[in-house]
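Enquirer: What follows is entry03.csv; its format and atoms are CSV, C-alpha atoms.
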```csv
chain,number,residue,atom,x,y,z
S,237,MET,CA,0.3,-11.1,18.2
S,238,ARG,CA,3.2,-13.4,17.9
S,239,ARG,CA,6.1,-12.5,15.6
S,240,PRO,CA,7.0,-15.0,12.9
S,241,THR,CA,10.1,-17.0,13.3
S,242,ARG,CA,13.0,-16.9,10.9
S,243,PRO,CA,12.0,-20.2,9.3
S,244,GLU,CA,8.4,-18.9,8.9
S,245,LEU,CA,9.7,-15.8,7.3
S,246,MET,CA,11.9,-17.8,4.9
S,247,ALA,CA,8.9,-20.0,4.0
S,248,ALA,CA,6.9,-16.9,3.1
S,249,GLN,CA,9.0,-16.1,0.1
S,250,ASP,CA,6.7,-15.8,-3.0
S,251,ARG,CA,3.5,-16.2,-1.0
S,252,THR,CA,0.6,-13.8,-1.7
S,253,ILE,CA,-1.9,-12.2,0.7
S,254,ALA,CA,-5.5,-11.3,-0.1
S,255,ASP,CA,-6.5,-7.8,-1.0
S,256,VAL,CA,-8.6,-6.0,1.5
S,257,LEU,CA,-11.6,-4.5,-0.3
S,258,PRO,CA,-15.1,-3.5,0.4
S,259,ALA,CA,-17.8,-5.8,-0.9
S,260,ASP,CA,-18.6,-5.3,-4.6
S,261,GLY,CA,-20.7,-2.3,-5.1
S,262,SER,CA,-19.7,-0.7,-1.8
S,263,PRO,CA,-18.1,2.7,-2.1
S,264,VAL,CA,-14.3,2.9,-2.0
S,265,ALA,CA,-12.9,6.3,-1.2
S,266,VAL,CA,-9.2,5.3,-1.4
S,267,LEU,CA,-7.6,2.1,-2.6
S,268,PHE,CA,-4.1,2.0,-1.2
S,269,CYS,CA,-1.6,0.1,-3.3
S,270,GLY,CA,1.7,-1.2,-1.8
S,271,ILE,CA,4.6,-2.3,-3.9
S,272,ASN,CA,4.5,-6.0,-2.8
S,273,PRO,CA,4.2,-7.9,0.5
S,274,SER,CA,7.2,-8.2,2.7
S,275,LEU,CA,8.1,-11.7,4.0
S,276,TYR,CA,6.8,-10.5,7.4
S,277,SER,CA,3.4,-9.5,5.8
S,278,ALA,CA,3.2,-12.8,3.9
S,279,ALA,CA,4.0,-14.8,7.1
S,280,THR,CA,1.3,-13.0,9.1
S,281,GLY,CA,-1.2,-12.6,6.2
S,282,HIS,CA,-1.5,-8.8,7.0
S,283,HIS,CA,-0.6,-5.8,4.8
S,284,PHE,CA,2.1,-3.5,6.0
S,285,ALA,CA,2.7,-5.8,9.0
S,286,ARG,CA,6.5,-5.5,9.5
S,287,PRO,CA,7.3,-3.6,12.7
S,288,GLY,CA,8.6,-0.2,11.8
S,289,ASN,CA,6.3,0.1,8.8
S,290,ARG,CA,4.6,3.5,9.1
S,291,PHE,CA,1.5,2.8,7.0
S,292,TRP,CA,-0.9,2.2,10.0
S,293,PRO,CA,0.4,5.2,12.1
S,294,ALA,CA,0.2,7.5,9.0
S,295,LEU,CA,-3.3,6.3,8.3
S,296,HIS,CA,-4.4,7.2,11.8
S,297,ARG,CA,-2.4,10.4,12.2
S,298,SER,CA,-3.9,11.7,8.9
S,299,GLY,CA,-7.5,11.1,10.0
S,300,PHE,CA,-8.4,8.2,7.9
S,301,THR,CA,-9.1,6.1,11.0
S,302,GLY,CA,-10.5,7.1,14.4
S,303,ARG,CA,-7.8,5.1,16.2
S,304,LEU,CA,-4.5,3.4,15.4
S,305,LEU,CA,-5.3,0.1,13.8
S,306,ALA,CA,-2.9,-2.9,14.0
S,307,PRO,CA,-2.2,-4.8,10.9
S,308,HIS,CA,-4.3,-7.7,12.1
S,309,GLU,CA,-7.3,-5.3,12.1
S,310,GLN,CA,-7.0,-4.7,8.4
S,311,SER,CA,-10.5,-6.1,7.8
S,312,LEU,CA,-11.9,-3.0,9.5
S,313,LEU,CA,-10.7,-0.8,6.6
S,314,PRO,CA,-13.7,-1.3,4.3
S,315,ARG,CA,-15.9,0.4,7.1
S,316,TYR,CA,-13.8,3.5,6.4
S,317,GLY,CA,-14.3,3.1,2.6
S,318,LEU,CA,-10.6,2.0,2.3
S,319,GLY,CA,-8.9,-0.9,0.7
S,320,ILE,CA,-5.4,-2.3,0.2
S,321,THR,CA,-3.8,-4.2,-2.6
S,322,ASN,CA,-0.3,-4.6,-4.0
S,323,LEU,CA,1.2,-3.8,-7.3
S,324,VAL,CA,2.9,-7.2,-7.3
S,325,ALA,CA,1.3,-10.0,-5.3
S,326,ARG,CA,4.3,-12.1,-4.4
S,327,ALA,CA,6.3,-11.6,-1.2
S,328,THR,CA,10.0,-10.8,-1.2
S,329,ALA,CA,12.5,-9.8,1.4
S,330,ARG,CA,13.1,-6.5,-0.5
S,331,ALA,CA,11.1,-4.7,-3.2
S,332,ASP,CA,14.2,-4.4,-5.3
S,333,GLU,CA,14.0,-8.2,-5.9
S,334,LEU,CA,11.0,-7.5,-8.3
S,335,THR,CA,11.7,-7.2,-12.0
S,336,PRO,CA,10.5,-4.3,-14.1
S,337,GLU,CA,8.3,-6.8,-16.0
S,338,GLU,CA,6.6,-7.9,-12.7
S,339,LEU,CA,5.9,-4.3,-11.9
S,340,ARG,CA,4.4,-3.6,-15.4
S,341,GLU,CA,2.3,-6.8,-15.2
S,342,GLY,CA,1.1,-5.7,-11.8
S,343,GLY,CA,0.0,-2.4,-13.3
S,344,LEU,CA,-2.3,-4.3,-15.7
S,345,ARG,CA,-3.8,-6.3,-12.8
S,346,LEU,CA,-4.3,-3.0,-10.9
S,347,ALA,CA,-6.1,-1.5,-13.8
S,348,ALA,CA,-8.7,-4.3,-13.7
S,349,LEU,CA,-9.1,-4.0,-9.9
S,350,VAL,CA,-9.7,-0.3,-10.2
S,351,GLU,CA,-12.2,-0.8,-12.9
S,352,ARG,CA,-14.1,-3.4,-10.8
S,353,HIS,CA,-14.1,-1.5,-7.5
S,354,ALA,CA,-14.2,2.1,-8.8
S,355,PRO,CA,-12.3,3.9,-6.0
S,356,ARG,CA,-12.4,7.6,-6.0
S,357,VAL,CA,-8.6,7.7,-5.6
S,358,LEU,CA,-5.9,5.1,-6.2
S,359,ALA,CA,-3.0,5.9,-3.8
S,360,ILE,CA,0.2,4.1,-4.8
S,361,ALA,CA,2.7,3.9,-1.9
S,362,GLY,CA,6.1,3.9,-3.6
S,363,VAL,CA,7.2,6.4,-6.2
S,364,THR,CA,10.1,4.4,-7.6
S,365,ALA,CA,7.8,1.3,-8.2
S,366,TYR,CA,5.2,3.6,-9.8
S,367,ARG,CA,7.7,5.1,-12.1
S,368,THR,CA,8.9,1.7,-13.3
S,369,ALA,CA,5.4,0.0,-13.5
S,370,PHE,CA,3.9,2.8,-15.6
S,371,GLY,CA,6.9,4.2,-17.5
S,372,LYS,CA,6.6,7.6,-15.7
S,373,PRO,CA,10.2,8.5,-14.8
S,374,GLY,CA,9.5,12.1,-13.7
S,375,THR,CA,6.7,11.3,-11.3
S,376,ALA,CA,6.8,13.1,-7.9
S,377,ILE,CA,5.0,12.4,-4.7
S,378,GLY,CA,1.5,13.8,-4.5
S,379,PRO,CA,-1.6,14.1,-6.7
S,380,GLN,CA,-1.1,13.4,-10.3
S,381,GLN,CA,-2.6,15.2,-13.3
S,382,GLU,CA,-3.7,12.0,-15.0
S,383,THR,CA,-6.3,9.6,-13.7
S,384,PHE,CA,-6.1,5.9,-13.3
S,385,GLY,CA,-9.1,4.7,-15.2
S,386,ALA,CA,-11.9,6.7,-13.6
S,387,ALA,CA,-10.0,7.0,-10.3
S,388,GLY,CA,-7.9,10.0,-9.2
S,389,LEU,CA,-4.3,9.1,-8.8
S,390,TRP,CA,-2.0,10.0,-5.8
S,391,VAL,CA,1.5,8.8,-5.3
S,392,LEU,CA,2.5,8.4,-1.7
S,393,PRO,CA,6.0,7.8,-0.2
S,394,ASN,CA,6.8,4.2,0.6
S,395,PRO,CA,5.9,3.9,4.3
S,396,SER,CA,8.6,1.2,4.9
S,397,GLY,CA,11.0,1.9,7.7
S,398,LEU,CA,13.7,1.4,5.1
S,399,ASN,CA,12.7,4.6,3.4
S,400,ALA,CA,14.8,6.8,5.7
S,401,SER,CA,14.5,9.9,3.5
S,402,TRP,CA,10.8,10.2,4.6
S,403,THR,CA,10.2,10.8,8.3
S,404,MET,CA,7.0,9.6,10.0
S,405,ASP,CA,5.8,13.3,10.2
S,406,ARG,CA,6.4,13.8,6.5
S,407,ILE,CA,4.6,10.6,5.6
S,408,ALA,CA,1.6,11.4,7.8
S,409,ASP,CA,1.5,14.9,6.3
S,410,GLU,CA,1.3,13.5,2.8
S,411,PHE,CA,-1.4,11.0,3.9
S,412,GLY,CA,-3.2,14.0,5.4
S,413,ARG,CA,-3.1,15.9,2.1
S,414,LEU,CA,-4.7,12.9,0.5
S,415,ARG,CA,-7.3,12.8,3.3
S,416,ALA,CA,-8.1,16.5,2.8
S,417,HIS,CA,-8.4,16.0,-0.9
S,418,ILE,CA,-11.2,13.3,-0.6
S,419,SER,CA,-13.1,15.1,2.2
```
Show me, as structure tokens, the structure contained in the file I just sent.
Expert:
Amino acid sequence: MRRPTRPELMAAQDRTIADVLPADGSPVAVLFCGINPSLYSAATGHHFARPGNRFWPALHRSGFTGRLLAPHEQSLLPRYGLGITNLVARATARADELTPEELREGGLRLAALVERHAPRVLAIAGVTAYRTAFGKPGTAIGPQQETFGAAGLWVLPNPSGLNASWTMDRIADEFGRLRAHIS
């Protein structure tokens, strides 16, 4: 797959990409929720598409998928009972460009999506964004005591390559804990 050019990346600012969800009424084991699309993801139309993002390897290494999927294969996720959305729909170069208000508004949209698709677990990838969006400053990575609507709630580390405090092994281990939880 061809990498986007710099002008294509710059043109992707504020674009949105479609959620990846099973058909209405189909079971959803886990709905993964990113913070927002990167410019790279918006330019390609695929979630977690930036080279160096560890979402797809962590998904495979934890046993969610039988093989390593590429971002352009995201449409296969519903076969595994998985979906992807974002807390904030608009693409930015960096997540810190989002306002607290956008994150909180995204939380309201997310609540409606969870009500409609009824995942067993909502897994939010990005503890800092979760803390801001939901006013939960003490939240730690892992399963949460509270639910999100009828869904269980799990906060995952941000799989971005920019999140240097979490290695690939640690991210895959946390995805694996989630996988074991739903099995």
Enquirer: So that I can see what lies close to Leu245 of chain S, please list as a list in words the residues with an atom at most 12 Å from it, counting all atoms listed in the file and leaving out residues fewer than 5 positions away in the same chain.
Expert: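 The residues that qualify are Arg239, Pro240, Asp250, Arg251, Pro273, Ser274, Leu275, Tyr276, Ser277, Ala278, Ala279, Thr280, Gly281, Arg286, Ala327, Thr328 and Ala329 of chain S.
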Enquirer: Distance atom CA of Ala359 of chain S-atom CA of Met246 of chain S, one decimal place?
Expert: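 Between atom CA of Ala359 of chain S and atom CA of Met246 of chain S the gap is 29.3 Å.
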Enquirer: Around (4.1, -1.9, 7.2) in the file's frame, which residues reach within 8 Å when counting all atoms listed in the file? Return as an MDAnalysis selection string?
Expert: chainID S and resid 277 283:292 307 395:397
Enquirer: Could you check which of S:Glu410, S:Asp405, S:Val266, S:Leu312 is closest to Leu389 of chain S, using all atoms listed in the file?
Expert: S:Val266
Enquirer: At what distance in Å, to one decimal, does atom CA of Asn394 of chain S lie from atom CA of Ala376 of chain S?
Expert: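 Pair atom CA of Ala376 of chain S / atom CA of Asn394 of chain S returns 12.3 Å.
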Enquirer: When you get a chance, write out N, CA and C atoms for segment 378-410 of chain S, as a compact mmCIF listing (two decimals), keeping the file's coordinate frame.
Expert:
```txt
# COMPACT_ATOMS: atom_id res chain seq x y z
N GLY S 378 2.67 12.92 -4.55
CA GLY S 378 1.50 13.80 -4.50
C GLY S 378 0.48 13.48 -5.52
N PRO S 379 -0.50 14.38 -5.70
CA PRO S 379 -1.60 14.10 -6.70
C PRO S 379 -1.00 14.21 -8.08
N GLN S 380 -1.55 13.41 -8.95
CA GLN S 380 -1.10 13.40 -10.30
C GLN S 380 -2.14 14.01 -11.23
N GLN S 381 -1.70 14.59 -12.32
CA GLN S 381 -2.60 15.20 -13.30
C GLN S 381 -3.51 14.18 -13.95
N GLU S 382 -2.91 13.05 -14.31
CA GLU S 382 -3.70 12.00 -15.00
C GLU S 382 -4.50 11.21 -13.99
N THR S 383 -5.49 10.52 -14.50
CA THR S 383 -6.30 9.60 -13.70
C THR S 383 -5.83 8.20 -13.93
N PHE S 384 -6.32 7.30 -13.15
CA PHE S 384 -6.10 5.90 -13.30
C PHE S 384 -7.41 5.25 -13.60
N GLY S 385 -7.75 5.09 -14.86
CA GLY S 385 -9.10 4.70 -15.20
C GLY S 385 -10.00 5.90 -14.79
N ALA S 386 -11.05 5.60 -14.05
CA ALA S 386 -11.90 6.70 -13.60
C ALA S 386 -11.48 7.20 -12.21
N ALA S 387 -10.46 6.62 -11.62
CA ALA S 387 -10.00 7.00 -10.30
C ALA S 387 -8.97 8.14 -10.37
N GLY S 388 -9.03 9.04 -9.40
CA GLY S 388 -7.90 10.00 -9.20
C GLY S 388 -6.69 9.22 -8.85
N LEU S 389 -5.55 9.81 -9.03
CA LEU S 389 -4.30 9.10 -8.80
C LEU S 389 -3.41 9.96 -7.85
N TRP S 390 -2.90 9.32 -6.80
CA TRP S 390 -2.00 10.00 -5.80
C TRP S 390 -0.85 9.04 -5.61
N VAL S 391 0.36 9.56 -5.65
CA VAL S 391 1.50 8.80 -5.30
C VAL S 391 2.04 9.17 -3.96
N LEU S 392 2.11 8.19 -3.09
CA LEU S 392 2.50 8.40 -1.70
C LEU S 392 3.98 7.90 -1.53
N PRO S 393 4.66 8.39 -0.51
CA PRO S 393 6.00 7.80 -0.20
C PRO S 393 5.80 6.39 0.33
N ASN S 394 6.80 5.58 0.09
CA ASN S 394 6.80 4.20 0.60
C ASN S 394 6.87 4.32 2.14
N PRO S 395 5.91 3.73 2.89
CA PRO S 395 5.90 3.90 4.30
C PRO S 395 6.90 2.90 5.05
N SER S 396 7.63 2.10 4.30
CA SER S 396 8.60 1.20 4.90
C SER S 396 9.58 1.92 5.77
N GLY S 397 9.95 1.31 6.86
CA GLY S 397 11.00 1.90 7.70
C GLY S 397 12.33 1.99 7.02
N LEU S 398 12.50 1.27 5.92
CA LEU S 398 13.70 1.40 5.10
C LEU S 398 13.83 2.66 4.35
N ASN S 399 12.71 3.36 4.20
CA ASN S 399 12.70 4.60 3.40
C ASN S 399 13.03 5.75 4.41
N ALA S 400 14.32 5.87 4.69
CA ALA S 400 14.80 6.80 5.70
C ALA S 400 14.68 8.27 5.25
N SER S 401 14.54 8.53 3.96
CA SER S 401 14.50 9.90 3.50
C SER S 401 13.10 10.55 3.83
N TRP S 402 12.14 9.74 4.23
CA TRP S 402 10.80 10.20 4.60
C TRP S 402 10.60 9.93 6.10
N THR S 403 10.46 10.96 6.92
CA THR S 403 10.20 10.80 8.30
C THR S 403 8.70 10.42 8.53
N MET S 404 8.38 9.95 9.72
CA MET S 404 7.00 9.60 10.00
C MET S 404 6.11 10.88 9.86
N ASP S 405 6.59 12.03 10.33
CA ASP S 405 5.80 13.30 10.20
C ASP S 405 5.54 13.61 8.74
N ARG S 406 6.54 13.49 7.90
CA ARG S 406 6.40 13.80 6.50
C ARG S 406 5.40 12.84 5.80
N ILE S 407 5.51 11.57 6.15
CA ILE S 407 4.60 10.60 5.60
C ILE S 407 3.17 10.87 6.01
N ALA S 408 2.97 11.11 7.30
CA ALA S 408 1.60 11.40 7.80
C ALA S 408 1.08 12.69 7.17
N ASP S 409 1.93 13.67 6.96
CA ASP S 409 1.50 14.90 6.30
C ASP S 409 1.00 14.62 4.87
N GLU S 410 1.71 13.77 4.15
CA GLU S 410 1.30 13.50 2.80
C GLU S 410 -0.01 12.65 2.78
```
